[in-house]
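final_24.txt follows (compact mmCIF, C-alpha atoms):
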# COMPACT_ATOMS: atom_id res chain seq x y z
CA MET A 1 -36.20 31.31 -34.59
CA THR A 2 -39.45 30.72 -36.45
CA ARG A 3 -42.23 28.50 -35.17
CA ARG A 4 -41.30 25.97 -37.85
CA GLY A 5 -37.67 26.04 -36.72
CA TRP A 6 -38.69 25.37 -33.11
CA ILE A 7 -40.86 22.45 -34.16
CA LEU A 8 -38.05 20.94 -36.23
CA SER A 9 -35.43 21.35 -33.53
CA ALA A 10 -37.64 20.16 -30.67
CA PRO A 11 -36.74 16.46 -31.08
CA LEU A 12 -33.04 17.33 -31.05
CA ILE A 13 -33.39 19.49 -27.93
CA GLY A 14 -35.43 16.71 -26.32
CA ALA A 15 -32.78 14.13 -27.14
CA VAL A 16 -30.02 16.31 -25.71
CA LEU A 17 -32.00 16.95 -22.53
CA ALA A 18 -32.80 13.24 -22.20
CA GLY A 19 -29.13 12.40 -22.68
CA LEU A 20 -28.05 14.94 -20.07
CA GLY A 21 -30.74 13.65 -17.74
CA TRP A 22 -29.51 10.10 -18.11
CA ALA A 23 -25.85 11.12 -17.77
CA GLY A 24 -26.60 13.18 -14.67
CA PHE A 25 -28.99 10.93 -12.81
CA ALA A 26 -28.41 7.32 -13.88
CA PRO A 27 -26.10 5.47 -11.48
CA ILE A 28 -22.64 4.81 -12.89
CA GLU A 29 -21.85 1.15 -13.23
CA VAL A 30 -18.36 -0.18 -13.88
CA SER A 31 -17.30 -3.72 -14.71
CA SER A 32 -14.41 -3.69 -12.25
CA ARG A 33 -13.05 -1.35 -9.62
CA GLU A 34 -9.51 -2.42 -10.48
CA GLN A 35 -7.29 -0.48 -12.85
CA LEU A 36 -4.80 -3.06 -14.08
CA PHE A 37 -1.26 -2.36 -15.24
CA GLU A 38 1.30 -4.99 -16.16
CA ILE A 39 5.08 -4.81 -16.16
CA PRO A 40 6.08 -7.10 -19.03
CA LYS A 41 8.87 -9.60 -18.99
CA GLY A 42 12.16 -8.05 -20.10
CA THR A 43 11.37 -4.50 -18.94
CA TYR A 44 14.48 -4.24 -16.77
CA ALA A 45 16.72 -5.74 -19.48
CA ARG A 46 15.35 -3.36 -22.11
CA ARG A 47 15.92 -0.38 -19.86
CA ARG A 48 19.48 -1.49 -19.09
CA ALA A 49 20.07 -1.73 -22.83
CA GLY A 50 19.14 1.94 -23.13
CA ASP A 51 15.54 1.58 -24.28
CA LEU A 52 13.48 4.20 -22.44
CA VAL A 53 10.47 1.91 -22.47
CA GLU A 54 7.41 3.38 -20.76
CA ILE A 55 5.14 0.76 -19.26
CA LEU A 56 2.87 2.89 -17.16
CA PRO A 57 1.60 6.41 -17.68
CA ASP A 58 3.18 9.12 -15.51
CA ARG A 59 -0.22 9.91 -14.06
CA ILE A 60 -3.04 7.53 -13.30
CA ARG A 61 -6.49 8.83 -12.47
CA LEU A 62 -8.85 6.86 -10.24
CA THR A 63 -12.27 7.65 -8.83
CA VAL A 64 -13.40 6.72 -5.35
CA GLY A 65 -16.26 4.23 -5.40
CA LEU A 66 -15.91 3.45 -9.12
CA ASN A 67 -12.38 2.48 -10.09
CA ASP A 68 -10.42 3.01 -6.92
CA VAL A 69 -8.05 0.06 -6.88
CA LEU A 70 -4.66 0.00 -8.56
CA LEU A 71 -3.51 -3.48 -9.52
CA ILE A 72 0.08 -3.90 -10.71
CA ARG A 73 1.37 -7.25 -11.99
CA ASN A 74 5.08 -7.85 -12.32
CA PHE A 75 5.82 -10.23 -15.18
CA ASP A 76 9.44 -9.08 -15.35
CA ASP A 77 12.36 -11.30 -14.37
CA VAL A 78 13.47 -8.99 -11.55
CA PRO A 79 11.76 -7.44 -8.54
CA GLN A 80 10.05 -4.11 -9.20
CA THR A 81 9.21 -1.46 -6.64
CA PHE A 82 5.87 0.21 -6.76
CA GLY A 83 5.25 2.72 -4.00
CA PRO A 84 5.59 0.96 -0.67
CA ALA A 85 5.95 -2.57 -2.04
CA ILE A 86 8.56 -4.64 -3.78
CA MET A 87 6.91 -7.06 -6.17
CA MET A 88 8.84 -10.23 -6.84
CA PRO A 89 8.68 -11.70 -10.36
CA GLY A 90 5.17 -13.10 -10.82
CA GLN A 91 3.77 -11.15 -7.91
CA SER A 92 0.94 -8.61 -7.94
CA PHE A 93 0.27 -5.62 -5.72
CA ARG A 94 -3.28 -4.47 -5.18
CA LEU A 95 -3.64 -1.02 -3.64
CA PRO A 96 -7.10 0.35 -2.79
CA PHE A 97 -7.81 4.06 -2.30
CA GLU A 98 -10.63 5.38 -0.16
CA ARG A 99 -9.73 9.06 -0.01
CA ALA A 100 -9.56 11.59 -2.81
CA ALA A 101 -6.04 13.02 -3.02
CA SER A 102 -2.96 13.09 -5.20
CA TYR A 103 -0.46 10.39 -4.28
CA GLN A 104 3.21 10.29 -5.30
CA PHE A 105 4.90 6.92 -5.57
CA ILE A 106 8.34 5.61 -6.36
CA CYS A 107 8.01 3.23 -9.30
CA THR A 108 10.95 1.40 -10.82
CA ALA A 109 8.90 0.52 -13.89
CA HIS A 110 9.06 4.19 -14.86
CA ALA A 111 12.03 5.75 -16.56
CA SER A 112 11.53 8.77 -14.26
CA GLY A 113 11.16 6.53 -11.21
CA GLN A 114 7.99 8.40 -10.19
CA LEU A 115 4.29 7.84 -10.57
CA THR A 116 1.39 10.08 -9.57
CA VAL A 117 -2.00 8.65 -8.77
CA ASP A 118 -4.79 11.22 -8.73
CA VAL A 119 -7.77 9.90 -6.84
CA GLU A 120 -10.90 11.94 -7.37
CA ALA A 121 -14.01 12.06 -5.24
CA GLU A 122 -16.96 9.90 -6.23
CA PRO A 123 -19.20 11.82 -8.65
CA VAL A 124 -22.40 12.16 -6.65
CA THR A 125 -23.98 15.29 -8.15
CA PRO A 126 -25.62 15.26 -11.60
CA TRP A 127 -23.02 17.65 -12.99
CA ALA A 128 -20.17 15.53 -11.60
CA ARG A 129 -21.67 12.41 -13.22
CA ILE A 130 -22.04 14.18 -16.56
CA HIS A 131 -18.46 15.39 -16.33
CA TRP A 132 -17.18 11.91 -15.38
CA ARG A 133 -19.07 10.21 -18.20
CA ALA A 134 -17.99 12.78 -20.76
CA ARG A 135 -14.37 12.37 -19.79
CA GLN A 136 -14.59 8.57 -19.88
CA TRP A 137 -16.15 8.73 -23.30
CA TRP A 138 -13.43 11.09 -24.51
CA GLU A 139 -10.61 8.92 -23.11
CA ASN A 140 -12.09 5.70 -24.50
CA ARG A 141 -12.45 7.38 -27.87
CA LYS A 142 -8.70 8.12 -27.91
CA LYS A 143 -7.79 4.46 -27.23
CA MET B 1 -15.10 -33.59 3.29
CA LEU B 2 -11.56 -33.37 1.89
CA LEU B 3 -10.60 -31.20 4.86
CA GLY B 4 -12.03 -33.81 7.22
CA MET B 5 -10.13 -36.60 5.45
CA ALA B 6 -6.91 -34.61 5.61
CA LEU B 7 -7.35 -33.94 9.32
CA ALA B 8 -8.21 -37.59 9.95
CA ALA B 9 -5.02 -38.56 8.14
CA GLY B 10 -3.05 -36.30 10.47
CA ALA B 11 -2.18 -33.79 7.76
CA GLU B 12 -2.05 -30.08 8.50
CA PRO B 13 -5.22 -28.28 7.48
CA PRO B 14 -4.77 -26.08 4.42
CA ARG B 15 -4.12 -22.42 5.23
CA LEU B 16 -7.03 -20.17 4.53
CA SER B 17 -6.17 -17.00 2.71
CA PRO B 18 -8.30 -13.88 3.12
CA PRO B 19 -9.54 -12.34 -0.12
CA ALA B 20 -7.38 -9.35 -1.10
CA ASP B 21 -10.40 -7.09 -1.51
CA LEU B 22 -11.15 -7.29 2.21
CA PHE B 23 -8.07 -5.26 3.10
CA LYS B 24 -7.67 -1.53 3.55
CA ALA B 25 -3.93 -2.00 2.99
CA GLY B 26 -2.23 -2.85 -0.27
CA THR B 27 -1.90 -6.61 -0.66
CA LEU B 28 0.72 -8.79 -2.30
CA SER B 29 -0.23 -11.90 -4.19
CA PRO B 30 0.90 -14.63 -4.08
CA VAL B 31 2.09 -14.21 -0.51
CA MET B 32 5.84 -14.75 -0.18
CA PRO B 33 8.01 -15.01 2.94
CA ALA B 34 8.86 -11.63 4.44
CA PRO B 35 12.55 -10.85 3.86
CA GLU B 36 14.56 -11.81 6.93
CA VAL B 37 16.55 -9.25 8.87
CA ALA B 38 19.41 -9.86 11.30
CA LEU B 39 19.52 -7.06 13.87
CA THR B 40 19.66 -6.50 17.61
CA GLY B 41 16.44 -5.84 19.47
CA SER B 42 15.89 -2.90 21.80
CA ASP B 43 15.19 -5.56 24.44
CA GLY B 44 18.68 -7.01 23.98
CA LYS B 45 17.49 -10.13 22.13
CA PRO B 46 18.15 -10.88 18.45
CA PHE B 47 15.72 -9.05 16.19
CA SER B 48 14.48 -11.09 13.25
CA ILE B 49 11.20 -11.81 11.51
CA ALA B 50 11.46 -15.46 12.55
CA ARG B 51 11.54 -14.45 16.20
CA PHE B 52 7.97 -13.21 15.99
CA ARG B 53 6.57 -16.26 14.18
CA GLY B 54 3.09 -17.06 15.48
CA LYS B 55 2.18 -13.40 15.82
CA VAL B 56 1.01 -10.88 13.26
CA VAL B 57 3.89 -8.44 12.84
CA LEU B 58 3.63 -4.77 11.95
CA LEU B 59 7.07 -3.87 10.67
CA ALA B 60 8.02 -0.23 10.12
CA PHE B 61 11.14 1.88 9.74
CA GLY B 62 11.92 5.16 11.48
CA PHE B 63 14.08 6.90 14.07
CA SER B 64 13.74 8.21 17.58
CA ASN B 65 14.58 11.84 16.72
CA CYS B 66 11.82 11.97 14.12
CA GLY B 67 9.60 14.95 14.76
CA GLU B 68 6.43 14.06 12.92
CA VAL B 69 6.01 10.91 10.86
CA CYS B 70 7.32 8.33 13.34
CA PRO B 71 5.38 9.61 16.36
CA ILE B 72 2.19 9.61 14.30
CA THR B 73 2.84 6.09 13.02
CA LEU B 74 3.70 4.73 16.45
CA ALA B 75 0.73 6.44 18.11
CA THR B 76 -1.51 4.93 15.43
CA LEU B 77 -0.11 1.43 15.96
CA ALA B 78 -0.39 1.79 19.73
CA GLY B 79 -3.99 2.92 19.27
CA ALA B 80 -4.73 -0.10 17.09
CA ARG B 81 -3.33 -2.50 19.70
CA LYS B 82 -5.38 -0.81 22.38
CA LYS B 83 -8.56 -1.14 20.33
CA LEU B 84 -7.90 -4.81 19.67
CA GLY B 85 -8.08 -5.58 23.39
CA ALA B 86 -7.06 -9.13 24.25
CA GLU B 87 -6.32 -9.92 20.59
CA ALA B 88 -3.41 -7.46 20.73
CA ALA B 89 -1.37 -10.13 22.50
CA ASP B 90 -0.93 -11.72 19.07
CA VAL B 91 0.22 -8.51 17.38
CA GLN B 92 3.87 -7.44 17.51
CA VAL B 93 5.08 -4.03 16.41
CA ALA B 94 8.68 -4.15 15.20
CA TYR B 95 10.36 -0.83 14.45
CA VAL B 96 13.71 -0.70 12.68
CA THR B 97 15.88 2.38 12.99
CA VAL B 98 16.99 4.36 9.96
CA ASP B 99 19.43 6.30 12.14
CA PRO B 100 22.22 3.97 13.28
CA GLU B 101 24.39 6.92 14.32
CA ARG B 102 22.05 8.02 17.11
CA ASP B 103 19.67 5.14 17.80
CA THR B 104 21.09 2.70 20.32
CA ALA B 105 19.06 -0.18 21.72
CA ALA B 106 18.51 1.80 24.93
CA GLN B 107 17.42 4.91 23.03
CA MET B 108 14.94 2.90 20.92
CA LYS B 109 13.58 1.15 23.98
CA LYS B 110 12.91 4.47 25.69
CA PHE B 111 11.38 6.01 22.56
CA LEU B 112 9.14 3.06 21.68
CA GLY B 113 8.18 2.48 25.31
CA SER B 114 6.63 5.92 25.41
CA PHE B 115 4.02 4.60 22.96
CA ASP B 116 3.63 0.94 23.97
CA ALA B 117 5.88 -1.14 26.19
CA THR B 118 5.51 -4.19 23.92
CA PHE B 119 7.03 -2.51 20.85
CA VAL B 120 10.45 -3.86 19.93
CA GLY B 121 13.04 -1.79 18.07
CA GLY B 122 15.69 -3.10 15.73
CA VAL B 123 19.19 -1.60 15.72
CA GLY B 124 22.44 -2.71 14.19
CA THR B 125 25.47 -1.77 12.16
CA ARG B 126 25.03 0.32 9.04
CA ALA B 127 25.69 -2.76 6.90
CA GLN B 128 23.07 -4.84 8.74
CA LEU B 129 20.52 -2.08 8.48
CA GLU B 130 21.21 -1.35 4.83
CA ALA B 131 20.60 -5.01 4.04
CA ALA B 132 17.21 -4.68 5.73
CA TYR B 133 16.40 -1.46 3.85
CA GLU B 134 17.26 -3.07 0.54
CA SER B 135 15.08 -6.10 1.24
CA TYR B 136 12.04 -3.93 1.92
CA GLY B 137 12.77 -1.16 -0.60
CA ILE B 138 13.29 1.44 2.11
CA SER B 139 14.80 4.76 1.05
CA VAL B 140 16.58 6.98 3.55
CA SER B 141 17.83 10.48 2.80
CA LYS B 142 19.83 12.71 5.13
CA VAL B 143 19.07 16.43 5.35
CA THR B 144 21.69 18.56 7.15
CA ASN B 145 20.39 21.63 8.95
CA PRO B 146 22.27 24.98 8.96
CA ASP B 147 23.36 24.35 12.58
CA GLY B 148 25.04 21.09 11.57
CA SER B 149 22.36 18.82 13.01
CA TYR B 150 20.49 16.54 10.66
CA THR B 151 17.17 14.92 10.09
CA LEU B 152 16.17 11.98 7.91
CA GLY B 153 13.58 11.43 5.26
CA HIS B 154 12.51 7.80 4.98
CA SER B 155 9.90 5.42 3.63
CA SER B 156 7.03 5.33 6.06
CA SER B 157 4.78 2.42 5.10
CA ILE B 158 3.93 -0.37 7.52
CA TYR B 159 4.52 -3.96 6.44
CA MET B 160 1.97 -6.51 7.66
CA ILE B 161 3.40 -9.97 8.17
CA ASP B 162 1.15 -12.92 8.96
CA ARG B 163 1.69 -15.50 11.69
CA GLU B 164 3.57 -17.76 9.30
CA GLY B 165 6.02 -15.05 8.29
CA GLY B 166 4.39 -14.21 4.96
CA LEU B 167 4.57 -10.60 3.79
CA ARG B 168 0.91 -10.15 3.08
CA ALA B 169 0.11 -6.44 3.04
CA VAL B 170 1.58 -2.96 3.09
CA MET B 171 -0.28 -0.05 4.69
CA PRO B 172 0.84 3.30 3.31
CA TYR B 173 1.50 6.09 5.82
CA GLY B 174 -1.47 8.11 6.96
CA HIS B 175 -4.14 5.48 7.49
CA PRO B 176 -6.20 5.84 10.68
CA VAL B 177 -6.28 3.46 13.65
CA ASP B 178 -9.53 1.84 12.47
CA ASP B 179 -7.98 0.75 9.17
CA PHE B 180 -5.24 -1.09 11.06
CA VAL B 181 -7.76 -2.67 13.42
CA HIS B 182 -9.81 -3.76 10.42
CA ASP B 183 -6.90 -5.46 8.67
CA LEU B 184 -5.37 -6.90 11.82
CA LYS B 185 -8.63 -8.61 12.67
CA ILE B 186 -8.59 -10.24 9.24
CA LEU B 187 -4.99 -11.36 9.62
CA LEU B 188 -5.58 -12.68 13.13
CA GLN B 189 -8.63 -14.59 11.99
CA PHE B 190 -7.22 -16.14 8.84
CA SER B 191 -3.61 -16.84 9.60
Rewrite the structure from the file as structure tokens, please.
Amino acid sequence: MTRRGWILSAPLIGAVLAGLGWAGFAPIEVSSREQLFEIPKGTYARRRAGDLVEILPDRIRLTVGLNDVLLIRNFDDVPQTFGPAIMMPGQSFRLPFERAASYQFICTAHASGQLTVDVEAEPVTPWARIHWRARQWWENRKK
Amino acid sequence: MLLGMALAAGAEPPRLSPPADLFKAGTLSPVMPAPEVALTGSDGKPFSIARFRGKVVLLAFGFSNCGEVCPITLATLAGARKKLGAEAADVQVAYVTVDPERDTAAQMKKFLGSFDATFVGGVGTRAQLEAAYESYGISVSKVTNPDGSYTLGHSSSIYMIDREGGLRAVMPYGHPVDDFVHDLKILLQFS
């Protein structure tokens, strides 16, 4: 690259490095540690009628220290089982995770009856923070 | 001031509810009465949730021939009671069998007593037990071994019931003693 090319691209390189520096070293702040999912009224009736309605994703990803609490609200007219708990109509179940692991749960709100919760370790290294932020940005972009 | 007026008027003080985010266990909100069970205790007395009213109850399901999960759970609960010291007098472990074919009251008493003499087992007919499983969402699956013997897979969470009989929290299998001590102290303090 010519000297002129370097001079022209220097601001861009600087901006990228500054962005990576921020993404790697700035503390991650989240508005809530709870990941909320709701089971709407009529879910059971719809499923009985043959509608393979999907309320929750098959896999939920959480991160220790950032969003590490699963909050399920049952607005349906019948009890729903999520993992170890039966939620009565109008009841919520709040399940915190402190250890990174993959957890399998029975979930009656799923057509498959199964839900996997992948809990990842808190991103404490610069690279882990960059990776976490990049993935969040990508997932938010898809919504 | 309102509390003082209520007490002066002879009314019961309002129940304080611990914030859900204090718990290590999963919490249910609003708190509803724990489903009742009608079984026979390993001590020969009727086994029901109402019987233990006034104590914090740790309710779990398992069987005496269990090779791994149940011994770990029971050792953890015994460890938690030990760590609580004098406060453990207000904590009752109630263990319902998932193996009515083999678990008699005497068998459960012997099995549970090897962990903590205060633990009470619940046994009963298949119909009585299945009603209890349904109420708590317990799944039980039988696995037959090549030699004709069998073992059982079963739900292994621990249900935490407050002194008033409210099903307040559910601790998934695998939590350490300190997590139970942490949550029991909250339940003992608030309820």
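For chain B, the residues no farther than 7 Å from chain A when using all atoms listed in the file are Lys24, Ala25, Gly26, Thr27, Leu28, Ser29, Pro30, Tyr136, Gly137, Ser157, Val170 and Pro172 of chain B.
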Select all residues near (6.4, 9.2, 26.1) (cut-off 12 Å, inclusive, file coordinates), counting only C-alpha atoms, and output them as a short mmCIF file (atom, residue, chain, number, x, y, z; two decimals) with C-alpha atoms, in the coordinates of the input.
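Saved as out_30.cif:
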data_model
loop_
_atom_site.label_atom_id
_atom_site.label_comp_id
_atom_site.auth_asym_id
_atom_site.auth_seq_id
_atom_site.Cartn_x
_atom_site.Cartn_y
_atom_site.Cartn_z
CA SER B 64 13.74 8.21 17.58
CA PRO B 71 5.38 9.61 16.36
CA LEU B 74 3.70 4.73 16.45
CA ALA B 75 0.73 6.44 18.11
CA ALA B 78 -0.39 1.79 19.73
CA MET B 108 14.94 2.90 20.92
CA LYS B 109 13.58 1.15 23.98
CA LYS B 110 12.91 4.47 25.69
CA PHE B 111 11.38 6.01 22.56
CA LEU B 112 9.14 3.06 21.68
CA GLY B 113 8.18 2.48 25.31
CA SER B 114 6.63 5.92 25.41
CA PHE B 115 4.02 4.60 22.96
CA ASP B 116 3.63 0.94 23.97
CA ALA B 117 5.88 -1.14 26.19
#
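Interatomic distance, CA of Gly148 in chain B to CA of Asn65 in chain B: 14.9 Å.
Take CA of Asp21 in chain B and CA of Pro33 in chain B: the distance between them is 20.5 Å.
Between Arg129 in chain A and the residues A:Thr2, A:Ser31, A:Thr63, A:Ser9, the shortest atom-to-atom distance, using only C-alpha atoms, involves A:Thr63.
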Show me, as a PDB file with C-alpha atoms, in the frame of the given file, the residues that have an atom within 9 Å of range 122-132 of chain B when counting all atoms listed in the file, minus same-chain residues fewer than 4 positions from it.
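Okay, this is what ended up in part_19.pdb:
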ATOM      1  CA  PRO B  35      12.550 -10.850   3.860  1.00  0.00           C
ATOM      2  CA  GLU B  36      14.560 -11.810   6.930  1.00  0.00           C
ATOM      3  CA  VAL B  37      16.550  -9.250   8.870  1.00  0.00           C
ATOM      4  CA  ALA B  38      19.410  -9.860  11.300  1.00  0.00           C
ATOM      5  CA  LEU B  39      19.520  -7.060  13.870  1.00  0.00           C
ATOM      6  CA  THR B  40      19.660  -6.500  17.610  1.00  0.00           C
ATOM      7  CA  GLY B  41      16.440  -5.840  19.470  1.00  0.00           C
ATOM      8  CA  SER B  42      15.890  -2.900  21.800  1.00  0.00           C
ATOM      9  CA  PRO B  46      18.150 -10.880  18.450  1.00  0.00           C
ATOM     10  CA  PHE B  47      15.720  -9.050  16.190  1.00  0.00           C
ATOM     11  CA  SER B  48      14.480 -11.090  13.250  1.00  0.00           C
ATOM     12  CA  ALA B  94       8.680  -4.150  15.200  1.00  0.00           C
ATOM     13  CA  TYR B  95      10.360  -0.830  14.450  1.00  0.00           C
ATOM     14  CA  VAL B  96      13.710  -0.700  12.680  1.00  0.00           C
ATOM     15  CA  THR B  97      15.880   2.380  12.990  1.00  0.00           C
ATOM     16  CA  VAL B  98      16.990   4.360   9.960  1.00  0.00           C
ATOM     17  CA  ASP B  99      19.430   6.300  12.140  1.00  0.00           C
ATOM     18  CA  PRO B 100      22.220   3.970  13.280  1.00  0.00           C
ATOM     19  CA  GLU B 101      24.390   6.920  14.320  1.00  0.00           C
ATOM     20  CA  ASP B 103      19.670   5.140  17.800  1.00  0.00           C
ATOM     21  CA  THR B 104      21.090   2.700  20.320  1.00  0.00           C
ATOM     22  CA  ALA B 105      19.060  -0.180  21.720  1.00  0.00           C
ATOM     23  CA  MET B 108      14.940   2.900  20.920  1.00  0.00           C
ATOM     24  CA  TYR B 136      12.040  -3.930   1.920  1.00  0.00           C
ATOM     25  CA  GLY B 137      12.770  -1.160  -0.600  1.00  0.00           C
ATOM     26  CA  ILE B 138      13.290   1.440   2.110  1.00  0.00           C
TER      27      ILE B 138
END
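If you look at CA of Pro176 in chain B and CA of Leu66 in chain A, they are 22.2 Å away from each other.
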- Message: Given all atoms listed in the file as the basis, pick out the residue of A:Ile130, A:Arg3, A:Glu139, A:Pro89 nearest to Leu17 in chain A.
- Response: A:Ile130
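Proximity ranking of B:Gly174, B:Pro19, B:Gly166, B:Pro146 relative to Arg53 in chain B places B:Gly166 first, based on only C-alpha atoms.
Residues within 9 Å of Glu120 in chain A, counting all atoms listed in the file and excluding same-chain residues fewer than 5 positions away, are Arg61, Leu62, Thr63, Val64, Asp68, Arg99, Ala100, Ala101 and Ser102 of chain A.
For the choices B:Tyr150, B:Phe52, B:Phe61, B:Phe190, the atom-to-atom distance to Gly165 in chain B is smallest for B:Phe52 when using only C-alpha atoms.
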